[in-house]
>>> print(open('query_3.cif').read())   # mmCIF, C-alpha atoms
data_final
loop_
_atom_site.label_atom_id
_atom_site.label_comp_id
_atom_site.auth_asym_id
_atom_site.auth_seq_id
_atom_site.Cartn_x
_atom_site.Cartn_y
_atom_site.Cartn_z
CA MET A 30 -34.33 -6.02 82.83
CA ASN A 31 -36.97 -4.17 80.83
CA VAL A 32 -36.64 -2.86 77.26
CA THR A 33 -35.92 0.73 78.37
CA GLU A 34 -33.03 -0.46 80.56
CA LEU A 35 -31.73 -2.70 77.77
CA LYS A 36 -31.78 0.17 75.28
CA GLN A 37 -29.84 2.28 77.77
CA LYS A 38 -27.25 -0.50 78.13
CA PHE A 39 -27.07 -0.76 74.34
CA ILE A 40 -26.36 3.00 73.99
CA GLU A 41 -23.79 2.88 76.81
CA LYS A 42 -22.03 0.09 74.94
CA TYR A 43 -22.32 1.18 71.32
CA GLY A 44 -22.97 4.92 71.59
CA GLU A 45 -25.60 7.10 69.90
CA SER A 46 -26.29 6.88 66.16
CA GLY A 47 -28.83 8.18 63.67
CA ALA A 48 -30.04 4.66 62.85
CA ASP A 49 -33.17 3.18 64.45
CA ILE A 50 -32.80 0.84 67.39
CA ARG A 51 -35.08 -2.17 66.92
CA VAL A 52 -36.19 -4.71 69.51
CA PHE A 53 -37.05 -8.39 68.98
CA HIS A 54 -38.10 -11.16 71.36
CA ALA A 55 -38.14 -14.96 71.16
CA PRO A 56 -39.51 -17.19 73.93
CA GLY A 57 -38.20 -20.24 75.69
CA ARG A 58 -40.31 -23.37 75.43
CA VAL A 59 -41.50 -26.29 77.53
CA ASN A 60 -42.89 -29.61 76.32
CA LEU A 61 -46.20 -30.08 78.14
CA ILE A 62 -46.57 -33.78 77.30
CA GLY A 63 -45.26 -36.26 74.74
CA GLU A 64 -41.77 -37.32 75.77
CA HIS A 65 -39.43 -39.67 73.89
CA ILE A 66 -41.97 -40.35 71.16
CA ASP A 67 -40.89 -37.86 68.49
CA TYR A 68 -38.40 -40.35 67.01
CA ASN A 69 -41.11 -43.04 67.13
CA GLY A 70 -43.57 -41.15 64.91
CA GLY A 71 -45.52 -39.64 67.81
CA TYR A 72 -46.85 -36.18 68.57
CA VAL A 73 -45.33 -33.65 70.96
CA LEU A 74 -47.20 -30.81 72.66
CA PRO A 75 -44.81 -27.94 73.38
CA ALA A 76 -45.73 -24.37 74.32
CA ALA A 77 -43.80 -21.10 74.09
CA LEU A 78 -43.15 -19.41 77.44
CA GLU A 79 -43.69 -15.77 78.37
CA PHE A 80 -40.00 -15.29 79.11
CA GLY A 81 -37.15 -15.78 76.67
CA THR A 82 -34.46 -13.77 74.90
CA THR A 83 -34.56 -10.12 73.82
CA LEU A 84 -32.37 -8.61 71.11
CA ILE A 85 -31.59 -4.92 70.74
CA ILE A 86 -30.14 -4.36 67.27
CA ARG A 87 -29.10 -1.41 65.12
CA GLU A 88 -27.60 -0.98 61.65
CA ARG A 89 -24.02 0.24 61.35
CA GLU A 90 -22.45 2.34 58.60
CA ASP A 91 -19.69 -0.23 57.99
CA ASN A 92 -19.68 -4.03 57.53
CA LYS A 93 -18.77 -4.91 61.09
CA LEU A 94 -20.94 -7.26 63.19
CA GLN A 95 -20.58 -6.80 66.94
CA LEU A 96 -22.30 -9.38 69.17
CA ALA A 97 -22.62 -8.89 72.93
CA SER A 98 -24.80 -10.35 75.68
CA THR A 99 -25.81 -9.17 79.13
CA ASN A 100 -25.40 -12.80 80.27
CA MET A 101 -21.96 -13.68 78.88
CA SER A 102 -18.65 -11.87 79.05
CA TYR A 103 -17.44 -13.10 75.63
CA GLU A 104 -18.12 -10.72 72.72
CA GLY A 105 -17.89 -11.52 69.04
CA VAL A 106 -16.59 -9.14 66.38
CA LEU A 107 -16.50 -10.12 62.72
CA ASP A 108 -17.02 -8.69 59.26
CA THR A 109 -19.94 -9.52 56.95
CA SER A 110 -17.39 -11.01 54.51
CA SER A 111 -16.09 -13.45 57.15
CA ILE A 112 -19.41 -14.92 58.38
CA GLY A 113 -18.92 -18.61 59.07
CA LYS A 114 -15.20 -18.64 58.25
CA GLU A 115 -14.36 -19.80 61.74
CA LYS A 116 -16.02 -21.21 64.86
CA THR A 117 -15.09 -19.95 68.30
CA GLY A 118 -16.75 -22.54 70.55
CA GLU A 119 -18.49 -19.58 72.24
CA TRP A 120 -22.19 -18.64 72.42
CA THR A 121 -21.76 -16.44 69.34
CA ASP A 122 -21.51 -19.59 67.16
CA TYR A 123 -25.31 -19.91 67.46
CA PRO A 124 -26.22 -16.55 65.85
CA VAL A 125 -23.32 -16.78 63.38
CA GLY A 126 -24.49 -20.27 62.33
CA VAL A 127 -27.93 -18.83 61.60
CA MET A 128 -26.36 -16.12 59.42
CA VAL A 129 -24.51 -18.86 57.50
CA GLU A 130 -27.82 -20.68 56.89
CA LEU A 131 -29.61 -17.46 55.89
CA GLN A 132 -26.93 -16.73 53.30
CA GLY A 133 -27.33 -20.28 51.97
CA LYS A 134 -31.04 -19.44 51.46
CA GLY A 135 -30.24 -16.23 49.60
CA VAL A 136 -30.77 -13.81 52.52
CA ASN A 137 -27.41 -12.05 52.64
CA VAL A 138 -26.21 -9.95 55.56
CA THR A 139 -25.52 -6.83 53.50
CA LYS A 140 -24.82 -4.38 56.34
CA GLY A 141 -23.03 -4.29 59.65
CA TYR A 142 -25.06 -4.49 62.88
CA ASP A 143 -24.63 -4.01 66.62
CA PHE A 144 -26.33 -6.78 68.63
CA LEU A 145 -27.11 -6.86 72.35
CA TYR A 146 -28.83 -10.02 73.59
CA HIS A 147 -30.48 -10.42 76.98
CA GLY A 148 -31.56 -13.92 78.02
CA GLU A 149 -34.04 -14.68 80.80
CA ILE A 150 -33.80 -18.45 80.21
CA PRO A 151 -31.39 -20.22 82.57
CA ASN A 152 -28.68 -21.98 80.53
CA GLY A 153 -28.81 -25.74 80.88
CA ALA A 154 -32.34 -25.77 82.32
CA GLY A 155 -33.75 -27.51 79.25
CA LEU A 156 -35.98 -24.58 78.28
CA SER A 157 -34.32 -23.99 74.91
CA SER A 158 -32.09 -20.98 75.38
CA SER A 159 -30.11 -21.96 72.25
CA ALA A 160 -33.22 -22.33 70.04
CA SER A 161 -34.49 -18.98 71.33
CA LEU A 162 -31.18 -17.31 70.41
CA GLU A 163 -31.15 -18.88 66.93
CA VAL A 164 -34.74 -18.12 65.97
CA LEU A 165 -34.44 -14.59 67.35
CA THR A 166 -31.35 -13.87 65.25
CA GLY A 167 -32.87 -15.30 62.08
CA PHE A 168 -36.09 -13.33 62.48
CA ALA A 169 -34.31 -10.04 63.27
CA ILE A 170 -31.86 -10.25 60.37
CA GLN A 171 -34.58 -11.13 57.87
CA SER A 172 -36.62 -8.16 59.17
CA LEU A 173 -33.68 -5.76 58.86
CA GLU A 174 -32.68 -7.12 55.45
CA GLY A 175 -36.16 -6.42 54.10
CA VAL A 176 -37.76 -9.90 53.93
CA ALA A 177 -41.47 -9.10 53.77
CA ASP A 178 -43.24 -12.29 54.89
CA ILE A 179 -41.01 -14.35 57.14
CA ASP A 180 -41.84 -18.07 56.95
CA THR A 181 -41.59 -19.19 60.59
CA VAL A 182 -41.61 -22.90 59.68
CA GLN A 183 -38.59 -22.38 57.41
CA LEU A 184 -37.01 -20.20 60.11
CA ALA A 185 -37.30 -23.10 62.57
CA LEU A 186 -35.74 -25.50 60.07
CA LEU A 187 -32.78 -23.26 59.25
CA SER A 188 -32.20 -22.59 62.97
CA GLN A 189 -32.13 -26.34 63.63
CA LYS A 190 -29.71 -26.81 60.71
CA ALA A 191 -27.43 -24.09 62.13
CA GLU A 192 -27.30 -25.92 65.47
CA ASN A 193 -26.77 -29.32 63.83
CA GLU A 194 -24.18 -28.33 61.25
CA PHE A 195 -22.41 -25.15 62.40
CA VAL A 196 -22.53 -25.54 66.18
CA GLY A 197 -22.40 -29.35 65.96
CA VAL A 198 -25.26 -30.23 68.35
CA ASN A 199 -27.62 -32.93 67.11
CA CYS A 200 -30.98 -31.51 68.21
CA GLY A 201 -34.47 -32.27 66.88
CA ILE A 202 -36.90 -29.71 65.46
CA MET A 203 -39.31 -29.31 68.40
CA ASP A 204 -37.47 -26.52 70.24
CA GLN A 205 -36.97 -24.22 67.28
CA PHE A 206 -40.47 -24.97 65.99
CA ALA A 207 -42.17 -23.98 69.27
CA VAL A 208 -40.03 -20.83 69.62
CA ALA A 209 -40.80 -19.72 66.05
CA ASN A 210 -44.49 -20.66 65.93
CA GLY A 211 -45.77 -20.32 69.50
CA ALA A 212 -48.94 -18.38 70.23
CA GLN A 213 -50.24 -16.90 73.47
CA ASP A 214 -52.67 -19.21 75.29
CA HIS A 215 -51.96 -22.05 72.83
CA ALA A 216 -49.87 -25.20 72.77
CA ILE A 217 -48.66 -26.73 69.49
CA LEU A 218 -49.55 -30.28 68.53
CA LEU A 219 -46.58 -31.18 66.33
CA MET A 220 -45.59 -34.25 64.33
CA CYS A 221 -41.83 -33.75 64.20
CA ASP A 222 -41.24 -35.85 61.07
CA THR A 223 -43.74 -34.16 58.78
CA LEU A 224 -44.03 -30.79 60.58
CA GLU A 225 -47.80 -31.22 60.43
CA TYR A 226 -49.03 -29.03 63.29
CA GLU A 227 -52.08 -27.54 64.92
CA LYS A 228 -52.41 -24.77 67.51
CA VAL A 229 -54.36 -26.09 70.50
CA PRO A 230 -56.10 -23.72 72.97
CA PHE A 231 -54.34 -23.77 76.33
CA ARG A 232 -56.44 -21.43 78.46
CA THR A 233 -54.95 -21.92 81.89
CA GLY A 234 -57.26 -19.35 83.53
CA SER A 235 -56.39 -19.22 87.23
CA TYR A 236 -53.65 -21.85 86.79
CA LYS A 237 -49.97 -21.19 86.16
CA LEU A 238 -47.19 -23.29 84.76
CA VAL A 239 -44.44 -23.78 87.32
CA ILE A 240 -41.19 -25.09 85.91
CA GLY A 241 -38.92 -26.68 88.49
CA ASN A 242 -35.22 -26.97 87.68
CA THR A 243 -33.71 -29.88 89.64
CA ASN A 244 -30.20 -28.51 89.05
CA LYS A 245 -29.12 -32.13 88.67
CA ARG A 246 -26.44 -32.40 86.00
CA ARG A 247 -27.58 -34.78 83.31
CA GLY A 248 -24.93 -37.43 82.83
CA LEU A 249 -26.62 -40.37 81.11
CA VAL A 250 -28.71 -38.70 78.44
CA ASP A 251 -26.73 -39.60 75.31
CA SER A 252 -26.05 -43.26 76.13
CA ALA A 253 -29.60 -43.81 77.43
CA TYR A 254 -31.10 -42.09 74.39
CA ASN A 255 -29.18 -44.36 72.02
CA GLU A 256 -30.15 -47.45 74.01
CA ARG A 257 -33.87 -46.50 74.15
CA ARG A 258 -33.89 -45.72 70.47
CA SER A 259 -32.35 -49.09 69.67
CA GLN A 260 -34.90 -50.89 71.89
CA CYS A 261 -37.75 -49.10 70.09
CA GLU A 262 -36.30 -50.16 66.74
CA GLN A 263 -36.16 -53.77 67.98
CA ALA A 264 -39.80 -53.62 69.06
CA LEU A 265 -40.85 -52.12 65.73
CA ALA A 266 -39.01 -54.85 63.76
CA ILE A 267 -40.81 -57.57 65.75
CA LEU A 268 -44.27 -55.98 65.41
CA LYS A 269 -43.72 -55.27 61.71
CA GLU A 270 -43.73 -59.03 61.14
CA GLN A 271 -47.37 -59.01 62.26
CA LEU A 272 -48.25 -55.64 60.70
CA PRO A 273 -46.08 -55.06 57.59
CA ALA A 274 -47.57 -51.58 57.03
CA LEU A 275 -46.35 -50.39 60.46
CA ASN A 276 -43.67 -47.70 60.03
CA TYR A 277 -43.57 -46.26 63.56
CA LEU A 278 -44.48 -47.59 67.01
CA ALA A 279 -46.71 -44.56 67.66
CA GLN A 280 -48.98 -45.61 64.79
CA LEU A 281 -50.33 -48.35 67.07
CA THR A 282 -53.32 -47.74 69.32
CA PRO A 283 -53.06 -48.99 72.92
CA GLU A 284 -55.68 -51.64 72.07
CA GLN A 285 -53.60 -52.94 69.14
CA PHE A 286 -50.51 -53.02 71.33
CA VAL A 287 -52.26 -55.14 73.97
CA THR A 288 -53.07 -57.80 71.37
CA LEU A 289 -49.52 -57.82 69.96
CA GLN A 290 -47.30 -57.20 73.00
CA ASP A 291 -46.66 -60.90 73.70
CA GLN A 292 -44.70 -61.06 70.44
CA ILE A 293 -41.99 -58.96 72.19
CA LYS A 294 -40.25 -61.43 74.50
CA ASP A 295 -37.73 -59.06 76.08
CA GLU A 296 -39.52 -57.32 78.95
CA LYS A 297 -37.50 -54.08 78.74
CA VAL A 298 -38.08 -53.79 74.98
CA ARG A 299 -41.78 -54.42 75.53
CA GLN A 300 -41.95 -51.73 78.23
CA ARG A 301 -40.24 -49.16 76.00
CA ALA A 302 -42.77 -49.84 73.24
CA GLN A 303 -45.66 -49.67 75.72
CA HIS A 304 -44.54 -46.21 76.84
CA VAL A 305 -44.37 -44.96 73.24
CA VAL A 306 -47.85 -46.23 72.31
CA GLU A 307 -49.52 -45.03 75.52
CA GLU A 308 -47.72 -41.66 75.62
CA ASN A 309 -48.83 -40.86 72.10
CA ALA A 310 -52.41 -41.70 73.11
CA ARG A 311 -52.00 -39.41 76.14
CA VAL A 312 -50.94 -36.52 73.88
CA LEU A 313 -54.06 -36.96 71.74
CA ALA A 314 -56.23 -37.26 74.86
CA SER A 315 -54.58 -34.07 76.19
CA VAL A 316 -55.53 -32.19 73.04
CA GLU A 317 -59.14 -33.31 73.45
CA ALA A 318 -59.12 -32.24 77.12
CA LEU A 319 -57.64 -28.82 76.32
CA GLN A 320 -60.09 -28.21 73.49
CA GLY A 321 -62.83 -28.82 76.07
CA ASN A 322 -61.01 -26.60 78.60
CA ASP A 323 -60.77 -29.64 80.92
CA LEU A 324 -57.60 -28.84 82.86
CA GLU A 325 -58.26 -31.53 85.49
CA THR A 326 -58.11 -34.32 82.91
CA PHE A 327 -55.02 -32.72 81.39
CA GLY A 328 -53.38 -32.73 84.84
CA LYS A 329 -54.11 -36.43 85.31
CA LEU A 330 -52.54 -37.17 81.93
CA MET A 331 -49.41 -35.24 82.99
CA ASN A 332 -49.18 -37.41 86.11
CA ALA A 333 -49.61 -40.59 84.08
CA SER A 334 -46.91 -39.43 81.64
CA HIS A 335 -44.41 -39.08 84.48
CA GLU A 336 -45.23 -42.54 85.86
CA SER A 337 -44.64 -44.05 82.41
CA LEU A 338 -41.35 -42.21 81.91
CA ARG A 339 -40.24 -43.36 85.37
CA ASP A 340 -41.40 -46.98 85.28
CA LEU A 341 -41.62 -48.06 81.62
CA TYR A 342 -39.11 -45.87 79.79
CA GLU A 343 -36.81 -45.44 82.82
CA VAL A 344 -35.45 -42.00 81.95
CA SER A 345 -36.35 -40.25 85.20
CA CYS A 346 -34.05 -40.06 88.25
CA ASP A 347 -34.42 -39.66 92.02
CA GLU A 348 -34.27 -35.87 91.83
CA LEU A 349 -37.00 -35.60 89.19
CA ASP A 350 -39.16 -38.12 91.05
CA VAL A 351 -38.80 -36.25 94.35
CA MET A 352 -39.70 -32.92 92.75
CA VAL A 353 -42.77 -34.45 91.04
CA GLU A 354 -43.90 -36.24 94.24
CA GLU A 355 -43.61 -33.05 96.28
CA ALA A 356 -45.40 -31.05 93.59
CA GLN A 357 -48.29 -33.50 93.58
CA ARG A 358 -48.70 -33.09 97.37
CA ILE A 359 -49.69 -29.43 96.99
CA PRO A 360 -53.52 -29.23 96.89
CA GLY A 361 -53.58 -26.71 94.02
CA THR A 362 -51.46 -28.89 91.71
CA LEU A 363 -53.49 -30.49 88.92
CA GLY A 364 -50.53 -32.35 87.41
CA ALA A 365 -46.74 -32.61 87.42
CA ARG A 366 -44.21 -34.45 85.29
CA MET A 367 -40.61 -34.47 84.16
CA THR A 368 -40.09 -32.67 80.87
CA GLY A 369 -37.25 -33.15 78.42
CA ALA A 370 -34.76 -35.95 77.92
CA GLY A 371 -34.61 -36.97 81.58
CA PHE A 372 -31.92 -37.94 84.12
CA GLY A 373 -32.08 -34.37 85.46
CA GLY A 374 -33.31 -31.10 84.04
CA CYS A 375 -36.81 -29.83 84.70
CA THR A 376 -40.31 -30.69 85.83
CA VAL A 377 -43.45 -28.89 84.70
CA SER A 378 -46.50 -28.52 86.95
CA LEU A 379 -49.92 -26.93 86.50
CA VAL A 380 -50.69 -25.08 89.75
CA HIS A 381 -53.55 -22.84 90.90
CA GLU A 382 -52.38 -19.23 91.24
CA ASP A 383 -53.51 -19.13 94.89
CA ASP A 384 -51.14 -22.01 95.69
CA VAL A 385 -48.10 -20.97 93.68
CA GLU A 386 -46.34 -19.26 96.60
CA ARG A 387 -46.90 -22.29 98.83
CA PHE A 388 -45.78 -24.58 95.98
CA VAL A 389 -42.45 -22.81 95.49
CA SER A 390 -41.79 -22.62 99.22
CA GLU A 391 -42.83 -26.15 100.25
CA VAL A 392 -41.67 -28.06 97.18
CA GLY A 393 -38.37 -26.18 97.30
CA ALA A 394 -37.79 -26.95 101.01
CA ALA A 395 -38.78 -30.62 100.71
CA TYR A 396 -36.69 -31.08 97.56
CA GLU A 397 -33.61 -29.60 99.22
CA ALA A 398 -34.13 -31.68 102.38
CA ARG A 399 -34.50 -34.92 100.40
CA THR A 400 -31.83 -34.43 97.71
CA ARG A 401 -29.36 -31.91 99.21
CA LEU A 402 -29.80 -29.90 96.01
CA LYS A 403 -31.43 -26.49 95.72
CA GLY A 404 -34.13 -26.32 93.04
CA ASP A 405 -35.07 -23.23 91.06
CA PHE A 406 -38.65 -22.40 90.09
CA TYR A 407 -40.04 -20.30 87.24
CA VAL A 408 -43.68 -19.28 87.25
CA CYS A 409 -45.05 -18.35 83.86
CA GLY A 410 -47.85 -18.43 81.34
CA VAL A 411 -47.85 -19.40 77.67
CA GLY A 412 -46.59 -16.64 75.38
CA ASP A 413 -46.14 -15.77 71.70
CA GLY A 414 -43.49 -17.02 69.33
CA VAL A 415 -40.74 -14.79 67.93
CA LYS A 416 -41.78 -11.22 67.10
CA GLU A 417 -40.66 -7.61 66.88
CA LEU A 418 -41.59 -5.48 69.88
CA LYS A 419 -42.71 -2.50 67.84
CA GLU A 420 -44.33 -0.70 70.76
CA ALA A 421 -40.90 -0.67 72.39
CA LYS A 422 -39.49 1.87 69.93
#
>>> encode(input="query_3.cif", output="structure tokens")
Amino acid sequence: MNVTELKQKFIEKYGESGADIRVFHAPGRVNLIGEHIDYNGGYVLPAALEFGTTLIIREREDNKLQLASTNMSYEGVLDTSSIGKEKTGEWTDYPVGVMVELQGKGVNVTKGYDFLYHGEIPNGAGLSSSASLEVLTGFAIQSLEGVADIDTVQLALLSQKAENEFVGVNCGIMDQFAVANGAQDHAILLMCDTLEYEKVPFRTGSYKLVIGNTNKRRGLVDSAYNERRSQCEQALAILKEQLPALNYLAQLTPEQFVTLQDQIKDEKVRQRAQHVVEENARVLASVEALQGNDLETFGKLMNASHESLRDLYEVSCDELDVMVEEAQRIPGTLGARMTGAGFGGCTVSLVHEDDVERFVSEVGAAYEARTRLKGDFYVCGVGDGVKELKEAK
């Protein structure tokens, strides 16, 4: 649905008014490489996607806030004086939680507004529909309430806090950070602990990102996450005896790990640590490859990342492995890997534009034949972070 159609829907819903209708957009995101190393002091390399969430918003003459979505039937109605007084358990808790955090930072919602959201990100696909919704709301309200220079790093942090504390979902910072700070044709090299970041050129040229949704429900993520985290902490404690200054596993180089790995007697614990050290090195090698516009090397690093997540970290699953295997069979695929927490969710592949149609058709057919599940595929490029669509007025 384009902006003109969305504005028409907005007017049909809320009627005409003398106030300006404004349009904002926030992307979804995908992590290109760097999985399960953020909590081990490693770098991630996410990128904002071209598709995401659009918000049509207009000031009201009273203090009422009306929140509606083209994707959800539930609608929220509240007053500016009652922001955050109660949670509904509905999607509207995400934008309301952001308003609570904004008020805590001294940005008060002083007027009523009509909101109409339109999301192009499939819910549950692991492409950050919630972060997109949060960052979008925070940016739009600050714009309408007259904040001159919006700090997108702070916007990411308050959006994360809204999800952690108001909605009650314990997410990290990567999703909101990529949505708020993305840039067209760039990935973001991010250290999640310190928020030290760098925009890395990601000029895909004649290649496209193809995101494959396995549509496998993720059942083991929480328990596996806690177990992997505990194993990494065990490995760190053992290695710290040899290197007292070591604070995170990802501070080790692969060469250092080779000399120290025999100190870790438990094979599974050793494998988890090996993944962390080598994955962090792959992220840094990826940055070097992308800065040199070497997409072939980047593709090989994506493949190696998947193998490590499958064999050493053991967070893949049959469905993800099948989709990656089938993706790698297509001649125009430079690289493919699982992305996200694992045990379901999505893959990301870098595919030549001439082979995209064949990729979607053949990978989709083979995946369905082998898993009895139907996959969904999204072809996209790398887009900007949150912004106002001023030309859409």
>>> resolve_selection(input="query_3.cif", expression="the PyMOL selection byres ((chain A and resi 102) around 12)", output="compact mmCIF listing (two decimals) with C-alpha atoms, in the coordinates of the input")
# COMPACT_ATOMS: atom_id res chain seq x y z
CA LEU A 96 -22.30 -9.38 69.17
CA ALA A 97 -22.62 -8.89 72.93
CA SER A 98 -24.80 -10.35 75.68
CA THR A 99 -25.81 -9.17 79.13
CA ASN A 100 -25.40 -12.80 80.27
CA MET A 101 -21.96 -13.68 78.88
CA TYR A 103 -17.44 -13.10 75.63
CA GLU A 104 -18.12 -10.72 72.72
CA GLY A 105 -17.89 -11.52 69.04
CA GLU A 119 -18.49 -19.58 72.24
CA TRP A 120 -22.19 -18.64 72.42
CA THR A 121 -21.76 -16.44 69.34
CA LEU A 145 -27.11 -6.86 72.35
CA TYR A 146 -28.83 -10.02 73.59
>>> closest_residue(input="query_3.cif", among="A:Ser46, A:Gln292, A:Thr109, A:Gln213", to="Asp413 (chain A)", atoms="only C-alpha atoms")
A:Gln213
>>> resolve_selection(input="query_3.cif", expression="the PyMOL selection byres ((chain A and resi 179) around 12)", output="MDAnalysis selection string")
chainID A and resid 131 136 164 167:178 180:185 209:210 415:417
>>> closest_residue(input="query_3.cif", among="A:Thr368, A:Glu34, A:Leu187, A:Tyr43", to="Gln132 (chain A)", atoms="all atoms listed in the file")
A:Leu187
>>> resolve_selection(input="query_3.cif", expression="the PyMOL selection byres ((chain A and resi 328) around 8)", output="list in words")
Leu324, Glu325, Thr326, Phe327, Lys329, Leu330, Met331, Asn332, Leu363, Gly364, Ala365 and Leu379 of chain A
>>> atom_distance(input="query_3.cif", atom1="CA of Leu402 (chain A)", atom2="CA of Gly371 (chain A)")
16.8 Å
>>> closest_residue(input="query_3.cif", among="A:Val138, A:Val198, A:Ile50, A:Val380", to="Lys93 (chain A)", atoms="all atoms listed in the file")
A:Val138
>>> decode(input="query_3.cif", residues="region 162-169 of chain A", atoms="all heavy atoms", output="mmCIF file, in the first residue's frame")
data_model
loop_
_atom_site.group_PDB
_atom_site.id
_atom_site.type_symbol
_atom_site.label_atom_id
_atom_site.label_comp_id
_atom_site.auth_asym_id
_atom_site.auth_seq_id
_atom_site.Cartn_x
_atom_site.Cartn_y
_atom_site.Cartn_z
ATOM 1 N N LEU A 162 8.226 -0.351 15.013
ATOM 2 C CA LEU A 162 7.050 0.342 15.557
ATOM 3 C C LEU A 162 7.452 1.317 16.666
ATOM 4 O O LEU A 162 6.981 2.460 16.725
ATOM 5 C CB LEU A 162 6.083 -0.727 16.085
ATOM 6 C CG LEU A 162 4.748 -0.319 16.687
ATOM 7 C CD1 LEU A 162 3.921 0.472 15.691
ATOM 8 C CD2 LEU A 162 3.983 -1.562 17.134
ATOM 9 N N GLU A 163 8.369 0.878 17.527
ATOM 10 C CA GLU A 163 8.798 1.714 18.661
ATOM 11 C C GLU A 163 9.572 2.947 18.184
ATOM 12 O O GLU A 163 9.262 4.082 18.580
ATOM 13 C CB GLU A 163 9.704 0.889 19.594
ATOM 14 C CG GLU A 163 8.986 -0.217 20.334
ATOM 15 C CD GLU A 163 9.914 -1.371 20.693
ATOM 16 O OE1 GLU A 163 11.142 -1.291 20.449
ATOM 17 O OE2 GLU A 163 9.399 -2.360 21.223
ATOM 18 N N VAL A 164 10.586 2.704 17.369
ATOM 19 C CA VAL A 164 11.446 3.804 16.906
ATOM 20 C C VAL A 164 10.632 4.805 16.091
ATOM 21 O O VAL A 164 10.794 6.020 16.207
ATOM 22 C CB VAL A 164 12.641 3.244 16.097
ATOM 23 C CG1 VAL A 164 13.399 4.353 15.384
ATOM 24 C CG2 VAL A 164 13.591 2.465 17.022
ATOM 25 N N LEU A 165 9.733 4.286 15.272
ATOM 26 C CA LEU A 165 8.865 5.125 14.441
ATOM 27 C C LEU A 165 8.016 6.056 15.305
ATOM 28 O O LEU A 165 7.920 7.270 15.051
ATOM 29 C CB LEU A 165 7.965 4.204 13.604
ATOM 30 C CG LEU A 165 6.934 4.822 12.693
ATOM 31 C CD1 LEU A 165 7.586 5.686 11.631
ATOM 32 C CD2 LEU A 165 6.101 3.723 12.013
ATOM 33 N N THR A 166 7.411 5.502 16.340
ATOM 34 C CA THR A 166 6.561 6.298 17.234
ATOM 35 C C THR A 166 7.376 7.380 17.940
ATOM 36 O O THR A 166 6.970 8.549 18.006
ATOM 37 C CB THR A 166 5.888 5.382 18.280
ATOM 38 O OG1 THR A 166 5.177 4.344 17.602
ATOM 39 C CG2 THR A 166 4.928 6.169 19.163
ATOM 40 N N GLY A 167 8.538 6.989 18.460
ATOM 41 C CA GLY A 167 9.381 7.941 19.188
ATOM 42 C C GLY A 167 9.858 9.082 18.315
ATOM 43 O O GLY A 167 9.890 10.247 18.740
ATOM 44 N N PHE A 168 10.208 8.764 17.078
ATOM 45 C CA PHE A 168 10.694 9.788 16.146
ATOM 46 C C PHE A 168 9.556 10.733 15.758
ATOM 47 O O PHE A 168 9.723 11.960 15.743
ATOM 48 C CB PHE A 168 11.282 9.119 14.901
ATOM 49 C CG PHE A 168 12.026 10.058 13.992
ATOM 50 C CD1 PHE A 168 13.373 10.329 14.194
ATOM 51 C CD2 PHE A 168 11.384 10.669 12.918
ATOM 52 C CE1 PHE A 168 14.067 11.199 13.356
ATOM 53 C CE2 PHE A 168 12.057 11.545 12.075
ATOM 54 C CZ PHE A 168 13.415 11.803 12.299
ATOM 55 N N ALA A 169 8.384 10.168 15.452
ATOM 56 C CA ALA A 169 7.245 10.990 15.018
ATOM 57 C C ALA A 169 6.782 11.926 16.129
ATOM 58 O O ALA A 169 6.559 13.129 15.895
ATOM 59 C CB ALA A 169 6.093 10.082 14.571
#
